[in-house]
file input.pdb (PDB, C-alpha atoms)
ATOM      1  CA  MET A  25     -29.993  72.107 -30.871
ATOM      2  CA  SER A  26     -27.033  70.072 -30.355
ATOM      3  CA  GLU A  27     -27.126  66.574 -28.985
ATOM      4  CA  GLU A  28     -24.368  65.872 -26.578
ATOM      5  CA  ASN A  29     -22.811  62.458 -26.381
ATOM      6  CA  ASN A  30     -22.526  62.033 -22.637
ATOM      7  CA  THR A  31     -20.471  58.847 -22.275
ATOM      8  CA  GLU A  32     -18.009  60.321 -19.896
ATOM      9  CA  GLY A  33     -16.864  57.749 -17.332
ATOM     10  CA  TYR A  34     -18.540  54.861 -19.144
ATOM     11  CA  ASP A  35     -16.451  52.027 -20.482
ATOM     12  CA  SER A  36     -18.406  49.936 -22.977
ATOM     13  CA  THR A  37     -15.881  47.087 -22.809
ATOM     14  CA  LYS A  38     -16.251  46.745 -19.041
ATOM     15  CA  LYS A  39     -19.695  45.183 -19.272
ATOM     16  CA  ASN A  40     -18.585  42.682 -21.934
ATOM     17  CA  THR A  41     -15.493  41.752 -19.929
ATOM     18  CA  GLU A  42     -17.549  41.134 -16.786
ATOM     19  CA  GLU A  43     -20.031  38.973 -18.712
ATOM     20  CA  THR A  44     -17.216  36.978 -20.317
ATOM     21  CA  ALA A  45     -15.488  36.480 -16.962
ATOM     22  CA  GLY A  46     -18.753  35.250 -15.469
ATOM     23  CA  ASN A  47     -19.276  32.806 -18.334
ATOM     24  CA  VAL A  48     -15.720  31.501 -18.060
ATOM     25  CA  GLY A  49     -16.148  31.056 -14.299
ATOM     26  CA  ASP A  50     -19.395  29.131 -14.763
ATOM     27  CA  GLU A  51     -17.806  27.008 -17.476
ATOM     28  CA  ALA A  52     -14.816  26.245 -15.244
ATOM     29  CA  LYS A  53     -17.094  25.185 -12.384
ATOM     30  CA  SER A  54     -19.083  22.947 -14.715
ATOM     31  CA  THR A  55     -15.924  21.340 -16.111
ATOM     32  CA  ALA A  56     -14.533  20.809 -12.613
ATOM     33  CA  ASN A  57     -17.772  19.110 -11.506
ATOM     34  CA  GLU A  58     -17.746  16.854 -14.584
ATOM     35  CA  PHE A  59     -14.124  15.916 -13.904
ATOM     36  CA  LYS A  60     -14.927  15.176 -10.246
ATOM     37  CA  GLU A  61     -17.846  12.920 -11.211
ATOM     38  CA  GLY A  62     -15.713  11.091 -13.779
ATOM     39  CA  TRP A  63     -12.881  10.659 -11.280
ATOM     40  CA  ASN A  64     -15.264   9.248  -8.653
ATOM     41  CA  GLN A  65     -16.703   6.773 -11.164
ATOM     42  CA  ALA A  66     -13.254   5.688 -12.345
ATOM     43  CA  THR A  67     -11.777   5.191  -8.889
ATOM     44  CA  ASN A  68     -14.808   3.441  -7.415
ATOM     45  CA  SER A  69     -15.460   0.959 -10.203
ATOM     46  CA  ALA A  70     -14.601  -2.727  -9.903
ATOM     47  CA  ASP A  71     -13.310  -2.725 -13.487
ATOM     48  CA  ASN A  72     -10.729  -0.096 -12.614
ATOM     49  CA  LYS A  73      -9.449  -2.147  -9.663
ATOM     50  CA  LYS A  74      -9.255  -5.196 -11.908
ATOM     51  CA  LEU A  75      -7.225  -3.407 -14.558
ATOM     52  CA  MET A  76      -4.996  -1.606 -12.076
ATOM     53  CA  ALA A  77      -4.381  -4.717  -9.950
ATOM     54  CA  GLY A  78      -3.712  -6.850 -13.035
ATOM     55  CA  ILE A  79      -1.196  -4.496 -14.583
ATOM     56  CA  LEU A  80       0.572  -3.827 -11.284
ATOM     57  CA  ALA A  81       0.707  -7.560 -10.560
ATOM     58  CA  ILE A  82       2.481  -8.172 -13.850
ATOM     59  CA  VAL A  83       4.851  -5.207 -13.583
ATOM     60  CA  LEU A  84       5.504  -4.998  -9.812
ATOM     61  CA  GLY A  85       4.163  -8.349  -8.640
ATOM     62  CA  ALA A  86       7.244  -9.222  -6.616
ATOM     63  CA  PHE A  87       6.585  -6.218  -4.386
ATOM     64  CA  GLY A  88       2.932  -7.147  -3.764
ATOM     65  CA  VAL A  89       1.523  -3.809  -4.891
ATOM     66  CA  HIS A  90      -1.530  -5.515  -6.408
ATOM     67  CA  LYS A  91      -2.347  -7.094  -3.046
ATOM     68  CA  PHE A  92      -2.428  -3.692  -1.356
ATOM     69  CA  ILE A  93      -4.691  -2.323  -4.129
ATOM     70  CA  LEU A  94      -7.208  -5.091  -3.428
ATOM     71  CA  GLY A  95      -6.969  -4.619   0.346
ATOM     72  CA  TYR A  96      -4.972  -7.781   1.111
ATOM     73  CA  ASN A  97      -2.369  -6.154   3.340
ATOM     74  CA  LYS A  98      -1.102  -9.354   5.003
ATOM     75  CA  GLU A  99      -0.488 -11.022   1.639
ATOM     76  CA  GLY A 100       1.155  -7.861   0.285
ATOM     77  CA  ILE A 101       3.531  -7.760   3.237
ATOM     78  CA  ILE A 102       4.404 -11.426   2.661
ATOM     79  CA  LEU A 103       5.402 -10.694  -0.947
ATOM     80  CA  VAL A 104       7.398  -7.608   0.066
ATOM     81  CA  VAL A 105       9.254  -9.576   2.756
ATOM     82  CA  LEU A 106      10.024 -12.417   0.313
ATOM     83  CA  THR A 107      11.407  -9.922  -2.176
ATOM     84  CA  VAL A 108      13.470  -7.967   0.367
ATOM     85  CA  VAL A 109      14.873 -11.145   1.953
ATOM     86  CA  GLY A 110      15.587 -12.520  -1.509
ATOM     87  CA  ILE A 111      17.490  -9.409  -2.514
ATOM     88  CA  ALA A 112      19.319  -9.028   0.810
ATOM     89  CA  THR A 113      20.283 -12.664   1.389
ATOM     90  CA  SER A 114      23.924 -13.649   1.171
ATOM     91  CA  CYS A 115      23.148 -17.026  -0.422
ATOM     92  CA  LEU A 116      22.840 -16.098  -4.092
ATOM     93  CA  PHE A 117      20.801 -19.119  -5.223
ATOM     94  CA  PHE A 118      18.310 -18.877  -2.329
ATOM     95  CA  GLY A 119      17.943 -15.117  -2.811
ATOM     96  CA  ILE A 120      17.249 -15.434  -6.526
ATOM     97  CA  PHE A 121      14.757 -18.216  -5.807
ATOM     98  CA  LEU A 122      12.783 -16.070  -3.320
ATOM     99  CA  TYR A 123      12.762 -13.032  -5.600
ATOM    100  CA  MET A 124      11.717 -15.072  -8.633
ATOM    101  CA  ALA A 125       9.027 -16.907  -6.660
ATOM    102  CA  ALA A 126       7.451 -13.623  -5.580
ATOM    103  CA  GLY A 127       7.675 -12.299  -9.145
ATOM    104  CA  ILE A 128       6.127 -15.433 -10.631
ATOM    105  CA  VAL A 129       3.240 -15.254  -8.148
ATOM    106  CA  GLY A 130       2.610 -11.666  -9.251
ATOM    107  CA  LEU A 131       2.812 -12.538 -12.938
ATOM    108  CA  ILE A 132       0.389 -15.457 -12.624
ATOM    109  CA  GLU A 133      -2.055 -13.439 -10.529
ATOM    110  CA  GLY A 134      -1.911 -10.522 -12.978
ATOM    111  CA  ILE A 135      -2.773 -12.785 -15.874
ATOM    112  CA  ILE A 136      -5.602 -14.385 -13.888
ATOM    113  CA  TYR A 137      -6.998 -10.966 -12.893
ATOM    114  CA  LEU A 138      -7.001  -9.676 -16.452
ATOM    115  CA  THR A 139      -8.548 -12.801 -17.991
ATOM    116  CA  LYS A 140     -11.522 -12.909 -15.619
ATOM    117  CA  SER A 141     -14.740 -11.129 -16.503
ATOM    118  CA  ASP A 142     -15.516  -8.003 -14.511
ATOM    119  CA  GLU A 143     -18.280  -9.722 -12.563
ATOM    120  CA  GLU A 144     -16.186 -12.824 -11.887
ATOM    121  CA  PHE A 145     -13.264 -10.684 -10.678
ATOM    122  CA  TYR A 146     -15.545  -8.637  -8.432
ATOM    123  CA  GLN A 147     -17.226 -11.692  -6.905
ATOM    124  CA  THR A 148     -13.955 -13.604  -6.413
ATOM    125  CA  TYR A 149     -11.531 -10.964  -5.165
ATOM    126  CA  GLN A 150     -13.644  -8.137  -3.779
ATOM    127  CA  VAL A 151     -16.728  -9.861  -2.411
ATOM    128  CA  GLY A 152     -15.285 -13.338  -1.786
ATOM    129  CA  LYS A 153     -11.906 -11.974  -0.591
ATOM    130  CA  LYS A 154      -9.861 -14.776  -2.180
ATOM    131  CA  PRO A 155      -6.276 -13.713  -1.378
ATOM    132  CA  TRP A 156      -4.183 -16.069  -3.540
ATOM    133  CA  PHE A 157      -4.637 -17.173  -7.147
TER     134      PHE A 157
END
call {"tool": "encode", "arguments": {"input": "input.pdb", "output": "C-alpha cells"}}
result
Amino acid sequence: MSEENNTEGYDSTKKNTEETAGNVGDEAKSTANEFKEGWNQATNSADNKKLMAGILAIVLGAFGVHKFILGYNKEGIILVVLTVVGIATSCLFFGIFLYMAAGIVGLIEGIIYLTKSDEEFYQTYQVGKKPWF
C-alpha cells in the first residue's frame, strides 16, 4: 500500500498569510483608535489651549493669533489691524510704535498665560472670558 500525499492545489502559506493580514488589520484599527482618542484629549484640554495660546502669543503676538485660539475674534482683529497699519503706514515712527505695541501686548499676554496655573487660566480666560491681560 502506498500512501499518496494529496496536497494538490493547497498552499500552506496562504492560511498563514491571511491570518497575519487579519492580525495586522486589527492592530492598525486599534492603533488608529488609540491615536484618535489621544488626539481628542489633547485638542480638547484646557492645558493644551494654555500652552498653545502662550507660545503663539510670545512668537506671533503682534498678529493676534493667540486671541483667535481662545475665541476672542474681535480682539484678534484689533491686533491684526494694528500690525498691518503699523507696517503699512508712511510715518516710520508711528508705524514702528503700532507694530511694537501689538507685539508687546502679545509678549506680556504670553508670559501671563504660561505663568498661570491650569485651573486659573481656565477660569480666567475660558470661563470668565477675560479678553485682555
call {"tool": "closest_residue", "arguments": {"input": "input.pdb", "among": "A:Ile135, A:Val129, A:Ile82, A:Val151", "to": "Glu99 of chain A", "atoms": "only C-alpha atoms"}}
result
A:Val129
call {"tool": "closest_residue", "arguments": {"input": "input.pdb", "among": "A:Tyr137, A:Glu58, A:Gln147, A:Pro155", "to": "Asn97 of chain A", "atoms": "all atoms listed in the file"}}
result
A:Pro155
call {"tool": "atom_distance", "arguments": {"input": "input.pdb", "atom1": "atom CA of Leu94 of chain A", "atom2": "atom CA of Gly127 of chain A"}}
result
17.5 Å
call {"tool": "residues_around", "arguments": {"input": "input.pdb", "residues": "Ala81 of chain A", "least_positions_apart": "2", "cutoff": "6 Å", "atoms": "all atoms listed in the file", "output": "number ranges by chain"}}
result
A: 77-79, 83-85, 90, 130-131, 134
call {"tool": "residues_near_point", "arguments": {"input": "input.pdb", "point": "(-16.0, -10.7, -12.2)", "cutoff": "12 Å", "atoms": "all atoms listed in the file", "output": "PyMOL selection string"}}
result
chain A and resi 69-75+136-152
call {"tool": "write_last_selection", "arguments": {"input": "input.pdb", "atoms": "C-alpha atoms", "output": "tab-separated table (two decimals), in the coordinates of the input"}}
result
chain	number	residue	atom	x	y	z
A	69	SER	CA	-15.46	0.96	-10.20
A	70	ALA	CA	-14.60	-2.73	-9.90
A	71	ASP	CA	-13.31	-2.72	-13.49
A	72	ASN	CA	-10.73	-0.10	-12.61
A	73	LYS	CA	-9.45	-2.15	-9.66
A	74	LYS	CA	-9.26	-5.20	-11.91
A	75	LEU	CA	-7.22	-3.41	-14.56
A	136	ILE	CA	-5.60	-14.38	-13.89
A	137	TYR	CA	-7.00	-10.97	-12.89
A	138	LEU	CA	-7.00	-9.68	-16.45
A	139	THR	CA	-8.55	-12.80	-17.99
A	140	LYS	CA	-11.52	-12.91	-15.62
A	141	SER	CA	-14.74	-11.13	-16.50
A	142	ASP	CA	-15.52	-8.00	-14.51
A	143	GLU	CA	-18.28	-9.72	-12.56
A	144	GLU	CA	-16.19	-12.82	-11.89
A	145	PHE	CA	-13.26	-10.68	-10.68
A	146	TYR	CA	-15.54	-8.64	-8.43
A	147	GLN	CA	-17.23	-11.69	-6.90
A	148	THR	CA	-13.96	-13.60	-6.41
A	149	TYR	CA	-11.53	-10.96	-5.16
A	150	GLN	CA	-13.64	-8.14	-3.78
A	151	VAL	CA	-16.73	-9.86	-2.41
A	152	GLY	CA	-15.28	-13.34	-1.79
call {"tool": "atom_distance", "arguments": {"input": "input.pdb", "atom1": "atom CA of Thr113 of chain A", "atom2": "atom CA of Lys98 of chain A"}}
result
21.9 Å
call {"tool": "decode", "arguments": {"input": "input.pdb", "residues": "segment 69-102 of chain A", "atoms": "N, CA and C atoms", "output": "compact mmCIF listing (two decimals), in the first residue's frame"}}
result
# COMPACT_ATOMS: atom_id res chain seq x y z
N SER A 69 -8.29 69.71 25.72
CA SER A 69 -7.90 70.03 27.09
C SER A 69 -7.59 71.52 27.25
N ALA A 70 -7.88 72.03 28.42
CA ALA A 70 -7.60 73.44 28.73
C ALA A 70 -6.09 73.68 28.78
N ASP A 71 -5.33 72.69 29.24
CA ASP A 71 -3.89 72.84 29.33
C ASP A 71 -3.29 73.04 27.94
N ASN A 72 -3.81 72.33 26.96
CA ASN A 72 -3.29 72.46 25.61
C ASN A 72 -3.56 73.86 25.07
N LYS A 73 -4.75 74.41 25.32
CA LYS A 73 -5.04 75.77 24.87
C LYS A 73 -4.12 76.76 25.57
N LYS A 74 -3.85 76.54 26.82
CA LYS A 74 -2.97 77.43 27.58
C LYS A 74 -1.59 77.44 26.96
N LEU A 75 -1.04 76.28 26.74
CA LEU A 75 0.31 76.17 26.18
C LEU A 75 0.36 76.73 24.76
N MET A 76 -0.60 76.35 23.94
CA MET A 76 -0.62 76.83 22.57
C MET A 76 -0.81 78.33 22.51
N ALA A 77 -1.76 78.87 23.27
CA ALA A 77 -2.01 80.31 23.27
C ALA A 77 -0.80 81.06 23.81
N GLY A 78 -0.16 80.55 24.84
CA GLY A 78 1.00 81.21 25.43
C GLY A 78 2.17 81.28 24.47
N ILE A 79 2.47 80.18 23.83
CA ILE A 79 3.61 80.16 22.90
C ILE A 79 3.32 81.03 21.68
N LEU A 80 2.11 80.92 21.14
CA LEU A 80 1.77 81.74 19.98
C LEU A 80 1.72 83.22 20.32
N ALA A 81 1.32 83.56 21.54
CA ALA A 81 1.32 84.96 21.96
C ALA A 81 2.73 85.52 21.99
N ILE A 82 3.67 84.73 22.45
CA ILE A 82 5.06 85.19 22.51
C ILE A 82 5.66 85.28 21.11
N VAL A 83 5.42 84.29 20.27
CA VAL A 83 6.04 84.23 18.96
C VAL A 83 5.33 85.10 17.93
N LEU A 84 4.00 85.03 17.88
CA LEU A 84 3.21 85.76 16.87
C LEU A 84 2.19 86.70 17.49
N GLY A 85 2.52 87.23 18.66
CA GLY A 85 1.58 88.06 19.40
C GLY A 85 1.10 89.29 18.65
N ALA A 86 1.94 89.87 17.84
CA ALA A 86 1.56 91.07 17.10
C ALA A 86 0.43 90.79 16.12
N PHE A 87 0.31 89.57 15.68
CA PHE A 87 -0.74 89.20 14.73
C PHE A 87 -2.01 88.69 15.41
N GLY A 88 -2.01 88.59 16.73
CA GLY A 88 -3.21 88.23 17.48
C GLY A 88 -3.65 86.79 17.35
N VAL A 89 -2.75 85.91 16.94
CA VAL A 89 -3.10 84.51 16.75
C VAL A 89 -3.62 83.90 18.05
N HIS A 90 -3.02 84.24 19.17
CA HIS A 90 -3.43 83.69 20.46
C HIS A 90 -4.86 84.08 20.81
N LYS A 91 -5.29 85.25 20.36
CA LYS A 91 -6.67 85.68 20.64
C LYS A 91 -7.66 84.80 19.88
N PHE A 92 -7.32 84.47 18.64
CA PHE A 92 -8.21 83.61 17.85
C PHE A 92 -8.28 82.21 18.44
N ILE A 93 -7.17 81.70 18.97
CA ILE A 93 -7.13 80.38 19.60
C ILE A 93 -8.10 80.33 20.78
N LEU A 94 -8.15 81.41 21.55
CA LEU A 94 -9.01 81.45 22.73
C LEU A 94 -10.45 81.87 22.40
N GLY A 95 -10.72 82.20 21.14
CA GLY A 95 -12.07 82.56 20.75
C GLY A 95 -12.38 84.03 20.86
N TYR A 96 -11.37 84.87 21.03
CA TYR A 96 -11.56 86.32 21.12
C TYR A 96 -11.31 86.94 19.74
N ASN A 97 -12.26 86.79 18.85
CA ASN A 97 -12.08 87.22 17.47
C ASN A 97 -11.95 88.74 17.34
N LYS A 98 -12.78 89.49 18.07
CA LYS A 98 -12.72 90.95 17.99
C LYS A 98 -11.34 91.46 18.42
N GLU A 99 -10.82 90.94 19.50
CA GLU A 99 -9.52 91.36 20.00
C GLU A 99 -8.40 90.94 19.04
N GLY A 100 -8.54 89.76 18.45
CA GLY A 100 -7.56 89.30 17.46
C GLY A 100 -7.53 90.19 16.25
N ILE A 101 -8.70 90.61 15.79
CA ILE A 101 -8.77 91.51 14.64
C ILE A 101 -8.14 92.86 14.98
N ILE A 102 -8.34 93.34 16.20
CA ILE A 102 -7.73 94.60 16.61
C ILE A 102 -6.21 94.51 16.52
